[in-house]
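A.B. asks: run_5.pdb is reproduced in full below (PDB, C-alpha atoms).
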ATOM      1  CA  MET A   1     -78.090 102.498 201.341
ATOM      2  CA  LYS A   2     -81.245 101.660 199.356
ATOM      3  CA  LYS A   3     -79.183  99.716 196.864
ATOM      4  CA  TRP A   4     -77.622  97.710 199.712
ATOM      5  CA  LEU A   5     -81.038  96.901 201.228
ATOM      6  CA  LYS A   6     -82.429  95.893 197.848
ATOM      7  CA  MET A   7     -79.451  93.611 197.195
ATOM      8  CA  THR A   8     -79.795  92.034 200.652
ATOM      9  CA  GLY A   9     -83.508  91.440 200.075
ATOM     10  CA  VAL A  10     -82.838  89.722 196.763
ATOM     11  CA  LEU A  11     -80.194  87.452 198.314
ATOM     12  CA  VAL A  12     -82.447  86.510 201.247
ATOM     13  CA  ALA A  13     -85.370  85.764 198.913
ATOM     14  CA  ALA A  14     -83.136  83.622 196.692
ATOM     15  CA  GLY A  15     -81.922  81.679 199.727
ATOM     16  CA  ILE A  16     -85.449  81.041 200.972
ATOM     17  CA  MET A  17     -86.675  79.831 197.589
ATOM     18  CA  GLN A  18     -83.910  77.257 197.154
ATOM     19  CA  THR A  19     -84.957  73.645 196.885
ATOM     20  CA  GLY A  20     -84.667  71.633 200.070
ATOM     21  CA  CYS A  21     -84.853  74.451 202.611
ATOM     22  CA  VAL A  22     -87.651  72.859 204.633
ATOM     23  CA  TYR A  23     -86.807  69.164 204.125
ATOM     24  CA  THR A  24     -84.055  67.303 202.327
ATOM     25  CA  HIS A  25     -83.497  63.544 202.146
ATOM     26  CA  VAL A  26     -80.738  62.332 199.819
ATOM     27  CA  ARG A  27     -78.673  59.173 199.597
ATOM     28  CA  ALA A  28     -75.416  58.831 197.680
ATOM     29  CA  PRO A  29     -72.792  56.094 197.339
ATOM     30  CA  LEU A  30     -69.435  56.472 199.047
ATOM     31  CA  ASP A  31     -67.831  54.059 196.580
ATOM     32  CA  GLN A  32     -66.592  54.980 193.134
ATOM     33  CA  ASN A  33     -65.966  51.508 191.745
ATOM     34  CA  PHE A  34     -69.336  49.972 190.851
ATOM     35  CA  ASP A  35     -68.411  47.399 188.223
ATOM     36  CA  LYS A  36     -68.080  44.534 190.744
ATOM     37  CA  THR A  37     -70.167  45.772 193.680
ATOM     38  CA  GLU A  38     -71.740  43.092 195.867
ATOM     39  CA  LEU A  39     -73.910  44.258 198.761
ATOM     40  CA  GLY A  40     -73.573  41.202 200.988
ATOM     41  CA  THR A  41     -76.078  39.790 203.454
ATOM     42  CA  LYS A  42     -75.785  42.299 206.332
ATOM     43  CA  LYS A  43     -76.318  46.038 206.739
ATOM     44  CA  GLY A  44     -75.151  48.453 209.441
ATOM     45  CA  ARG A  45     -75.845  52.133 210.137
ATOM     46  CA  ALA A  46     -74.093  54.895 212.073
ATOM     47  CA  ASP A  47     -75.455  58.422 212.642
ATOM     48  CA  ILE A  48     -74.247  61.943 213.356
ATOM     49  CA  HIS A  49     -76.871  64.420 214.600
ATOM     50  CA  THR A  50     -76.792  68.217 214.835
ATOM     51  CA  VAL A  51     -79.355  70.522 216.429
ATOM     52  CA  MET A  52     -79.747  74.258 215.878
ATOM     53  CA  TRP A  53     -76.159  74.544 214.545
ATOM     54  CA  LEU A  54     -75.029  74.467 218.201
ATOM     55  CA  ALA A  55     -74.640  70.841 219.221
ATOM     56  CA  ALA A  56     -73.502  67.728 217.402
ATOM     57  CA  TRP A  57     -73.058  64.136 218.553
ATOM     58  CA  GLY A  58     -72.632  60.632 217.240
ATOM     59  CA  ASP A  59     -70.166  58.424 215.445
ATOM     60  CA  GLY A  60     -70.878  58.239 211.732
ATOM     61  CA  GLY A  61     -67.790  56.268 210.808
ATOM     62  CA  THR A  62     -67.647  53.066 208.819
ATOM     63  CA  GLN A  63     -66.311  51.141 211.828
ATOM     64  CA  ALA A  64     -69.327  52.133 213.947
ATOM     65  CA  ALA A  65     -71.675  51.166 211.101
ATOM     66  CA  ALA A  66     -69.936  47.809 210.641
ATOM     67  CA  GLU A  67     -70.166  47.094 214.372
ATOM     68  CA  ASP A  68     -73.882  48.001 214.308
ATOM     69  CA  GLY A  69     -74.572  45.418 211.605
ATOM     70  CA  GLY A  70     -72.116  42.787 212.807
ATOM     71  CA  LEU A  71     -70.054  43.063 209.625
ATOM     72  CA  THR A  72     -66.472  41.861 209.347
ATOM     73  CA  VAL A  73     -66.172  42.565 205.605
ATOM     74  CA  ILE A  74     -67.489  45.811 204.076
ATOM     75  CA  ARG A  75     -68.431  45.509 200.416
ATOM     76  CA  HIS A  76     -70.245  48.807 199.775
ATOM     77  CA  ALA A  77     -71.063  52.056 201.616
ATOM     78  CA  ASP A  78     -73.675  54.795 201.217
ATOM     79  CA  SER A  79     -74.165  58.178 202.814
ATOM     80  CA  GLU A  80     -77.653  59.471 203.686
ATOM     81  CA  LEU A  81     -78.504  63.061 204.651
ATOM     82  CA  ARG A  82     -81.730  64.282 206.265
ATOM     83  CA  LEU A  83     -82.048  68.004 206.828
ATOM     84  CA  PHE A  84     -84.998  69.857 208.377
ATOM     85  CA  LEU A  85     -85.766  73.603 208.440
ATOM     86  CA  PHE A  86     -82.593  75.116 206.954
ATOM     87  CA  GLY A  87     -80.463  72.667 208.938
ATOM     88  CA  ALA A  88     -82.027  73.257 212.363
ATOM     89  CA  TYR A  89     -81.871  69.467 212.701
ATOM     90  CA  THR A  90     -79.563  67.352 210.566
ATOM     91  CA  ARG A  91     -78.833  63.626 210.554
ATOM     92  CA  LEU A  92     -75.953  62.240 208.485
ATOM     93  CA  THR A  93     -75.925  58.443 208.268
ATOM     94  CA  THR A  94     -73.237  56.083 206.996
ATOM     95  CA  ILE A  95     -74.707  52.810 205.727
ATOM     96  CA  VAL A  96     -72.425  49.838 205.060
ATOM     97  CA  TYR A  97     -73.232  46.538 203.367
ATOM     98  CA  GLY A  98     -71.265  43.321 203.601
ATOM     99  CA  ASP A  99     -70.830  40.057 205.454
TER     100      ASP A  99
END
Starting from the coordinates I provided, produce the structure as structure tokens.
C.D. replies:
Amino acid sequence: MKKWLKMTGVLVAAGIMQTGCVYTHVRAPLDQNFDKTELGTKKGRADIHTVMWLAAWGDGGTQAAAEDGGLTVIRHADSELRLFLFGAYTRLTTIVYGD
């Protein structure tokens, strides 16, 4: 039993000390072909939100992002993640660029 408690304590401590537990903000491209990327003149965003791992809402799709920016041609797309307090609140955003 002591061994089990010790192992659990080590795992919990390792989880707490991980980078980004309190706040994370990262952005990454959704494209893989960058040799001829043009961003265009317009930008649109679409969000998905989650709260306390219990509720989620929003439309984070590329179509919703294109409609938000008034785009008819998508040239590039990014994904942005903001995470607070171990994921108690999370916002995932799709960002599209084009004309």
A.B. asks: Could you write out as number ranges by chain the residues that the PyMOL selection byres ((chain A and resi 25) around 8) matches in the shown file?
C.D. replies: A: 23-24, 26-27, 80-83
A.B. asks: Quick one: pull the distance between atom CA of Asp78 of chain A and atom CA of Thr94 of chain A, Å, one decimal.
C.D. replies: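 One can read the atom CA of Asp78 of chain A to atom CA of Thr94 of chain A distance as 5.9 Å.
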A.B. asks: Using only C-alpha atoms, which of A:Ala88, A:Val96, A:Ala56, A:Val51 sits nearest Thr72 of chain A?
C.D. replies: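 Closest to Thr72 of chain A, using only C-alpha atoms: A:Val96.
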A.B. asks: Once the PyMOL selection byres ((chain A and resi 38-40) around 10) is applied to the coordinates I shared, what remains selected? I want it as a list in words.
C.D. replies: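 Applying the expression gives Phe34, Asp35, Lys36, Thr37, Thr41, Lys42, Lys43, Leu71, Val73, Ile74, Arg75, His76, Ala77, Val96, Tyr97, Gly98 and Asp99 of chain A.
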A.B. asks: Those same residues, written as a JSON list (two decimals), in the coordinates of the input with C-alpha atoms?
C.D. replies:
[["chain", "number", "residue", "atom", "x", "y", "z"],
["A", 34, "PHE", "CA", -69.34, 49.97, 190.85],
["A", 35, "ASP", "CA", -68.41, 47.40, 188.22],
["A", 36, "LYS", "CA", -68.08, 44.53, 190.74],
["A", 37, "THR", "CA", -70.17, 45.77, 193.68],
["A", 41, "THR", "CA", -76.08, 39.79, 203.45],
["A", 42, "LYS", "CA", -75.78, 42.30, 206.33],
["A", 43, "LYS", "CA", -76.32, 46.04, 206.74],
["A", 71, "LEU", "CA", -70.05, 43.06, 209.62],
["A", 73, "VAL", "CA", -66.17, 42.56, 205.60],
["A", 74, "ILE", "CA", -67.49, 45.81, 204.08],
["A", 75, "ARG", "CA", -68.43, 45.51, 200.42],
["A", 76, "HIS", "CA", -70.24, 48.81, 199.78],
["A", 77, "ALA", "CA", -71.06, 52.06, 201.62],
["A", 96, "VAL", "CA", -72.42, 49.84, 205.06],
["A", 97, "TYR", "CA", -73.23, 46.54, 203.37],
["A", 98, "GLY", "CA", -71.26, 43.32, 203.60],
["A", 99, "ASP", "CA", -70.83, 40.06, 205.45]]
A.B. asks: May I ask for the distance between atom CA of Asp47 of chain A and atom CA of Asp59 of chain A, given in Å to one decimal place?
C.D. replies: 6.0 Å
A.B. asks: Please measure the separation of atom CA of His49 of chain A and atom CA of Ala65 of chain A, giving the value in Å to one decimal.
C.D. replies: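 Those two atoms sit 14.7 Å apart.
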A.B. asks: Evaluated on this file, the PyMOL selection byres ((chain A and resi 62) around 8) picks out some residues - which ones are they, written as a PyMOL selection string?
C.D. replies: chain A and resi 46+60-61+63-66+94-96
A.B. asks: Under the rule that only C-alpha atoms are counted, which of A:Thr93, A:Asn33, A:Phe86, A:Ala28 is the nearest residue to Trp53 of chain A?
C.D. replies: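 Smallest distance to Trp53 of chain A is found for A:Phe86.
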A.B. asks: Considering all atoms listed in the file, state which residue in the set A:Cys21, A:Phe84, A:Asp31, A:Leu92 is at the smallest distance from Arg45 of chain A.
C.D. replies: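 So, comparing all the options, the nearest one is A:Leu92.
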A.B. asks: Can I get a file of segment 42-79 of chain A from the given structure, N, CA, C and O atoms kept, as an mmCIF file, in the first residue's frame?
C.D. replies:
data_model
loop_
_atom_site.group_PDB
_atom_site.id
_atom_site.type_symbol
_atom_site.label_atom_id
_atom_site.label_comp_id
_atom_site.auth_asym_id
_atom_site.auth_seq_id
_atom_site.Cartn_x
_atom_site.Cartn_y
_atom_site.Cartn_z
ATOM 1 N N LYS A 42 -7.527 39.126 -46.422
ATOM 2 C CA LYS A 42 -8.543 39.017 -45.374
ATOM 3 C C LYS A 42 -8.189 37.916 -44.382
ATOM 4 O O LYS A 42 -7.435 36.999 -44.692
ATOM 5 N N LYS A 43 -8.798 38.022 -43.189
ATOM 6 C CA LYS A 43 -8.571 37.022 -42.141
ATOM 7 C C LYS A 43 -9.885 36.769 -41.417
ATOM 8 O O LYS A 43 -10.624 37.696 -41.109
ATOM 9 N N GLY A 44 -10.174 35.494 -41.140
ATOM 10 C CA GLY A 44 -11.375 35.135 -40.388
ATOM 11 C C GLY A 44 -11.042 34.169 -39.270
ATOM 12 O O GLY A 44 -10.066 33.426 -39.345
ATOM 13 N N ARG A 45 -11.867 34.198 -38.202
ATOM 14 C CA ARG A 45 -11.629 33.353 -37.031
ATOM 15 C C ARG A 45 -12.916 32.632 -36.652
ATOM 16 O O ARG A 45 -14.000 33.165 -36.804
ATOM 17 N N ALA A 46 -12.746 31.430 -36.095
ATOM 18 C CA ALA A 46 -13.871 30.658 -35.564
ATOM 19 C C ALA A 46 -13.394 29.936 -34.309
ATOM 20 O O ALA A 46 -12.296 29.393 -34.289
ATOM 21 N N ASP A 47 -14.218 29.944 -33.253
ATOM 22 C CA ASP A 47 -13.804 29.436 -31.942
ATOM 23 C C ASP A 47 -14.667 28.283 -31.444
ATOM 24 O O ASP A 47 -15.866 28.232 -31.698
ATOM 25 N N ILE A 48 -14.016 27.410 -30.672
ATOM 26 C CA ILE A 48 -14.678 26.386 -29.868
ATOM 27 C C ILE A 48 -14.245 26.646 -28.425
ATOM 28 O O ILE A 48 -13.058 26.833 -28.163
ATOM 29 N N HIS A 49 -15.194 26.660 -27.508
ATOM 30 C CA HIS A 49 -14.909 26.907 -26.094
ATOM 31 C C HIS A 49 -15.312 25.697 -25.267
ATOM 32 O O HIS A 49 -16.316 25.038 -25.572
ATOM 33 N N THR A 50 -14.571 25.412 -24.213
ATOM 34 C CA THR A 50 -14.962 24.396 -23.236
ATOM 35 C C THR A 50 -14.742 24.965 -21.840
ATOM 36 O O THR A 50 -13.807 25.725 -21.610
ATOM 37 N N VAL A 51 -15.638 24.587 -20.915
ATOM 38 C CA VAL A 51 -15.553 25.057 -19.543
ATOM 39 C C VAL A 51 -15.678 23.874 -18.602
ATOM 40 O O VAL A 51 -16.632 23.086 -18.695
ATOM 41 N N MET A 52 -14.718 23.771 -17.701
ATOM 42 C CA MET A 52 -14.716 22.767 -16.633
ATOM 43 C C MET A 52 -14.921 21.334 -17.145
ATOM 44 O O MET A 52 -15.481 20.506 -16.458
ATOM 45 N N TRP A 53 -14.484 21.047 -18.346
ATOM 46 C CA TRP A 53 -14.561 19.708 -18.948
ATOM 47 C C TRP A 53 -15.987 19.199 -19.021
ATOM 48 O O TRP A 53 -16.234 18.017 -19.239
ATOM 49 N N LEU A 54 -16.977 20.092 -18.845
ATOM 50 C CA LEU A 54 -18.386 19.686 -18.810
ATOM 51 C C LEU A 54 -19.196 20.211 -19.982
ATOM 52 O O LEU A 54 -20.148 19.561 -20.412
ATOM 53 N N ALA A 55 -18.868 21.386 -20.459
ATOM 54 C CA ALA A 55 -19.661 22.000 -21.522
ATOM 55 C C ALA A 55 -18.736 22.495 -22.624
ATOM 56 O O ALA A 55 -17.645 23.001 -22.355
ATOM 57 N N ALA A 56 -19.207 22.371 -23.846
ATOM 58 C CA ALA A 56 -18.451 22.858 -25.000
ATOM 59 C C ALA A 56 -19.437 23.450 -26.001
ATOM 60 O O ALA A 56 -20.559 22.965 -26.142
ATOM 61 N N TRP A 57 -19.007 24.524 -26.689
ATOM 62 C CA TRP A 57 -19.866 25.137 -27.688
ATOM 63 C C TRP A 57 -18.996 25.851 -28.713
ATOM 64 O O TRP A 57 -17.843 26.133 -28.482
ATOM 65 N N GLY A 58 -19.608 26.122 -29.848
ATOM 66 C CA GLY A 58 -18.934 26.871 -30.899
ATOM 67 C C GLY A 58 -18.750 26.068 -32.163
ATOM 68 O O GLY A 58 -18.938 24.854 -32.190
ATOM 69 N N ASP A 59 -18.410 26.775 -33.214
ATOM 70 C CA ASP A 59 -18.118 26.175 -34.508
ATOM 71 C C ASP A 59 -16.723 26.618 -34.897
ATOM 72 O O ASP A 59 -16.510 27.777 -35.250
ATOM 73 N N GLY A 60 -15.771 25.733 -34.807
ATOM 74 C CA GLY A 60 -14.382 26.058 -35.114
ATOM 75 C C GLY A 60 -13.953 25.627 -36.496
ATOM 76 O O GLY A 60 -12.762 25.511 -36.764
ATOM 77 N N GLY A 61 -14.892 25.411 -37.375
ATOM 78 C CA GLY A 61 -14.575 24.933 -38.715
ATOM 79 C C GLY A 61 -14.051 26.007 -39.643
ATOM 80 O O GLY A 61 -14.197 27.213 -39.395
ATOM 81 N N THR A 62 -13.443 25.587 -40.723
ATOM 82 C CA THR A 62 -12.897 26.534 -41.690
ATOM 83 C C THR A 62 -14.002 27.326 -42.383
ATOM 84 O O THR A 62 -13.810 28.495 -42.702
ATOM 85 N N GLN A 63 -15.162 26.726 -42.590
ATOM 86 C CA GLN A 63 -16.268 27.448 -43.223
ATOM 87 C C GLN A 63 -16.734 28.600 -42.333
ATOM 88 O O GLN A 63 -16.938 29.713 -42.812
ATOM 89 N N ALA A 64 -16.870 28.353 -41.037
ATOM 90 C CA ALA A 64 -17.283 29.409 -40.109
ATOM 91 C C ALA A 64 -16.236 30.526 -40.065
ATOM 92 O O ALA A 64 -16.581 31.707 -40.015
ATOM 93 N N ALA A 65 -14.959 30.161 -40.091
ATOM 94 C CA ALA A 65 -13.898 31.168 -40.085
ATOM 95 C C ALA A 65 -13.908 31.986 -41.373
ATOM 96 O O ALA A 65 -13.735 33.204 -41.342
ATOM 97 N N ALA A 66 -14.122 31.322 -42.498
ATOM 98 C CA ALA A 66 -14.179 32.027 -43.785
ATOM 99 C C ALA A 66 -15.365 32.982 -43.823
ATOM 100 O O ALA A 66 -15.242 34.126 -44.292
ATOM 101 N N GLU A 67 -16.505 32.549 -43.316
ATOM 102 C CA GLU A 67 -17.681 33.423 -43.271
ATOM 103 C C GLU A 67 -17.428 34.627 -42.370
ATOM 104 O O GLU A 67 -17.857 35.738 -42.675
ATOM 105 N N ASP A 68 -16.724 34.414 -41.247
ATOM 106 C CA ASP A 68 -16.411 35.503 -40.322
ATOM 107 C C ASP A 68 -15.570 36.588 -40.994
ATOM 108 O O ASP A 68 -15.787 37.772 -40.765
ATOM 109 N N GLY A 69 -14.641 36.198 -41.830
ATOM 110 C CA GLY A 69 -13.764 37.155 -42.495
ATOM 111 C C GLY A 69 -14.223 37.581 -43.871
ATOM 112 O O GLY A 69 -13.557 38.381 -44.525
ATOM 113 N N GLY A 70 -15.330 37.031 -44.350
ATOM 114 C CA GLY A 70 -15.808 37.356 -45.686
ATOM 115 C C GLY A 70 -14.932 36.800 -46.783
ATOM 116 O O GLY A 70 -14.817 37.383 -47.860
ATOM 117 N N LEU A 71 -14.308 35.646 -46.542
ATOM 118 C CA LEU A 71 -13.421 35.033 -47.520
ATOM 119 C C LEU A 71 -14.198 34.126 -48.468
ATOM 120 O O LEU A 71 -15.116 33.420 -48.044
ATOM 121 N N THR A 72 -13.810 34.135 -49.727
ATOM 122 C CA THR A 72 -14.341 33.175 -50.691
ATOM 123 C C THR A 72 -13.258 32.200 -51.141
ATOM 124 O O THR A 72 -13.562 31.136 -51.662
ATOM 125 N N VAL A 73 -11.981 32.584 -50.930
ATOM 126 C CA VAL A 73 -10.850 31.733 -51.258
ATOM 127 C C VAL A 73 -9.952 31.647 -50.023
ATOM 128 O O VAL A 73 -9.497 32.674 -49.523
ATOM 129 N N ILE A 74 -9.703 30.433 -49.531
ATOM 130 C CA ILE A 74 -8.821 30.237 -48.385
ATOM 131 C C ILE A 74 -7.438 29.866 -48.906
ATOM 132 O O ILE A 74 -7.286 28.927 -49.670
ATOM 133 N N ARG A 75 -6.433 30.612 -48.468
ATOM 134 C CA ARG A 75 -5.071 30.374 -48.925
ATOM 135 C C ARG A 75 -4.194 29.718 -47.854
ATOM 136 O O ARG A 75 -3.222 29.059 -48.170
ATOM 137 N N HIS A 76 -4.526 29.926 -46.581
ATOM 138 C CA HIS A 76 -3.725 29.383 -45.491
ATOM 139 C C HIS A 76 -4.608 29.291 -44.248
ATOM 140 O O HIS A 76 -5.558 30.048 -44.101
ATOM 141 N N ALA A 77 -4.286 28.357 -43.349
ATOM 142 C CA ALA A 77 -5.048 28.209 -42.103
ATOM 143 C C ALA A 77 -4.117 27.890 -40.937
ATOM 144 O O ALA A 77 -3.147 27.166 -41.093
ATOM 145 N N ASP A 78 -4.433 28.465 -39.784
ATOM 146 C CA ASP A 78 -3.712 28.214 -38.539
ATOM 147 C C ASP A 78 -4.685 27.718 -37.488
ATOM 148 O O ASP A 78 -5.893 27.953 -37.569
ATOM 149 N N SER A 79 -4.135 27.086 -36.481
ATOM 150 C CA SER A 79 -4.900 26.665 -35.310
ATOM 151 C C SER A 79 -4.253 27.304 -34.087
ATOM 152 O O SER A 79 -3.026 27.307 -33.962
#
